[in-house]
Amino acid sequence: MTAMTTPSTTVDPVSSGTARCRLDVTGMDCGDCAKTIEASLASLPGVEAATVNFARGTADVAYDLATTDRPALVDRVKSLGYGARENQPPASSGWLFNVGGMDCGDCAKSIEAGVRQIPGLASATISFATGTLTVAPADDRLTHEAVIAAVEKAGYRATTRDPSALATANVPQRWWRSRRVIETTLAALLWLVGFGLERAGAPRAASAIPFLAAMALAGYPVARAGWYSVRVRRADMNLLMTIAAVGAVAIGRWDEGSSVLILFAIGLTLQNLTLDRTRRAIQALVTLTPAEATVKRDGNEQRVPVAQVAVGELVLVRPGERVPVDGVVEAGRSSVDQATITGESIPVDVGPDGSVFAGSINGDGALDVRTTKLASDTTLARIIHLVEDAQASRAPAQAFVDRFAAVYTPIVIVAAVLIATAVPLVVGDFREWVFKALVLLVVACPCALVISTPVALVAAIGSASRRGVLFKGGAAIEALATVRAVAFDKTGTLTAGKPAVTTVLPTGRRTAEEVLARAAAVERLASHPLARAIVEAARADGLTLPAATEARSLPGRGARATVDGEMVLVGSRRLFDTVPPAIEQLLLADERDGKTAILVGTSSGIEGIISVADPLREQSPNVVQSLTKLGLRVVMLTGDNRHTAARIAGLAGVTDVRADLLPEDKVTAVQALQQGMPVAMVGDGVNDAPALATANVGIAMGVGGTDAAIEAADVALIGDDLAQVPVAVRLARRTMAIIRQNIAASLLVKAVFLVLIFLGVTNLWLAVLADTGMALLVTFNSLRLLRAGPVPASPARSDPGSPSVTAVHQLAGAG
């Protein structure tokens with residue numbers, strides 16, 4: 001059960017001290033599991049009410065802000081052996097801050113711990129990977145200034161960011177002008193001076209001065225962060241390095257004490273410069289939307305800031321300009337390059353009633369566009385927010401590493417203290433064992449381990465978004481990497497989703513025109529592709545549609561409405577009590593030809609048959625073949641009849657077909673598949689929403705401009721490109737492989753150096769070089785996921801993405 005929804009936190013209007021939140025809960029096998037979790041949450045001090053919904057996989061909790069908080073609720077659920085996700089609150093209910101100066105994941109955790117102590121806070125989530133802090137206020141006691149002050153108290157910088165804005169386009173600072181780079185360079189030069197004086201035989205005091213100055217320059221930010229971690233009752237890598245450096249000075253090893261901090265600072269600086277590329281990736285997208293738009297007001301053309309363009313206004317888009325907002329073309333024709341949104345390199349021809357997206361490039365014709373969304377709500381804006389939220393989320397693998405590091409670091413400190421104090425009492429040689437304890441602190445620093453997962457996830461999300469694939473967080477990547485079966489909807493997924501009426505055959509007293517007109521009247525407000533095909537056919541024939549009232553959709557069967565005083569039924573044979581044998585033969589003939597036969601009639605009989613054909617997508621056979629080569633079982637689930645389903649499945653290469661399924665039947669089919677393996681469901685994100693929500697991973701097709709589809713799925717394909725499904729699977733598998741490589745390499749280096757410590761063949765500067773070097777290797781290994789261009793199509797690698805413009809490549813830094 002994985003359809004990922006974003007839990008929100010609200011404050012009870014009656015009691016300002018009560019907050020309500022929704023958590024996603026995974027791992028429940030039955031209703032009794034839900035009752036167990038519900039009872040355990042209700043017994044937690046401060047919880048006023050708890051309701052766990054087994055079907056939805058959610059927990060709704062009302063709690064006293066003064067007694068408990070959301071992390072405590074999550075911990076309680078996890079302590080019972082279930083999964084709980086603490087996602088970022090939506091931008092509409094949270095405050096967003098840019099945080100500068102963070103050198104490592106431990107810095108982020110210390111800031112988060114400090115901010116969570118502010119009164120009036122419901123939740124706080126910081127992302128080291130994206131350099132952002134999201135805060136949900138619980139009541140009016142919390143202010144922006146209080147959050148900024150708490151961050152600055154920890155020694156970092158925080159600036160308010162408007163959640164309604166697309167992105168904050170910070171001008172990147174030249175790396176050589178960075179204060180941290182300058183300080184680290186000066187510290188290294190001072191260390192070289194001290195080292196030279198020491199080797200030249202100068203008095204010890206003379207060499208100590210540059211060593212101490214180097215420690216102050218390179219070590220001040222490290223020591224400050226370490227001290228703050230102690231104040232918020234955490235032990236992090238900054239504290240380990242500070243203790244090691246101070247300890248080295250205490251036993252007279254000035255050069256090694258200063259080299260520890262310098263090498264550590266160099267490693268963090270290089271790591272930060274590398275990660276800045278991924279942090280600026282989304283900010284680069286803001287340049288795709290023009291700052292101003294030409295609006296037609298009172299007969300005049302006015303240039304106004306794009307943020308001031310209201311819904312319903314008429315915007316002029318000249319040839320070669322970027323479209324400033326989402327809208328519908330009212331006048332003019334042109335070709336529009338929508339690669340920034342869909343990843344499709346071929347320009348789309350648009351005319352009256354055609355949709356255009358903000359950030360797309362107009363061709364050689366002028367367009368009058370009637371806006372349908374504010375600048376802050378455009379498809380491009382939603383893509384930006386979605387990718388940012390995904391980058392800031394934490395996958396289960398990352399949560400495990402974080403919990404491991406939280407326990408591991410204090411144990412290392414205790415072990416070092418025992419080695420420095422207890423062991424010398426037994427074997428003597430106090431200075432030697434103190435030195436080994438200091439080396440242990442450096443070697444055991446979990447820097448590489450902590451960043452092994454988040455950097456890979458951020459890189460993968462950036463790489464996927466460049467291809468028009470949006471992962472809704474690290475959990476979606478991890479889940480997709482484990483799937484062993486992929487279930488496809490037929491209409492609009494394996495088929496082109498553009499069905500057309502081929503024939504209209506009257507079978508009663510009505511003419512073909514009357515049958516088509518009455519069917520179109522019933523289907524006029526329906527959104528299903530088959531319904532749209534009928535309406536478009538009637539309009540193309542110039543038919544006048546009669547009025548229809550009391551229209552009602554009947555999922556999986558069709559629709560009905562009152563037309564000319566009688567109830568008209570439009571749909572499959574399941575909609576009618578009886579189907580005469582002669583008509584049944586006509587239906588079978590259509591179905592054998594791969595067409596969908598739609599019956600039109602009333603309770604007294606069938607009036608006609610409308611035959612609709614929906615061609616197979618050209619890439620469907622290759623996609624099915626690619627997924628099969630990846631070892632995945634491919635299944636087709638459709639509400640269409642078994643003959644049409646079998647024909648389409650045969651053309652696509654699918655051997656496992658489930659036909660004649662109602663929406664609830666699709667859910668049952670997915671659940672049956674899940675009994676043996678994790679399942680991904682691919683559909684349109686609206687009609688297939690229940691099945692998408694039930695699958696381990698829901699993948700929504702062609703959702704450019706479709707809010708519901710993006711919300712329903714774990715993975716969203718912005719373009720209408722089915723070929724991105726195997727790309728997403730390969731990328732997910734490759735990402736998890738790289739994460740495993742990072743974790744294994746980090747732990748292996750720790751183990752080797754721990755042995756070397758007790759063999760007496762290592763020292764402080766070698767230890768810190770190994771630690772920071774491993775952190776850099778982990779980072780560079782993860783950033784391989786950003787590589788643009790063709791990637792070998794192995795199970796652990798992704799296919800080439802759809803061609804796109806240079807600006808889209810900037811999304812992930814074009815690494």
# chains A, B, ... in the order shown; residues from 1 in each chain; ligands from 1

$ residues_around --residues "Ala537 (chain A)" --least-positions-apart "4" --cutoff "10 Å" --atoms "only C-alpha atoms" --output "MDAnalysis selection string"
chainID A and resid 500:502 516:517 520 532:533 541:543

$ residues_around --residues "Val697 (chain A)" --least-positions-apart "3" --cutoff "10 Å" --atoms "only C-alpha atoms" --output "NGL selection string"
:A and (1-4 or 475-483 or 486 or 678-682 or 691-694 or 700 or 713-715)

$ closest_residue --among "A:Val635, A:Ala732, A:Ala767, A:Val260" --to "Phe753 (chain A)" --atoms "only C-alpha atoms"
A:Ala767
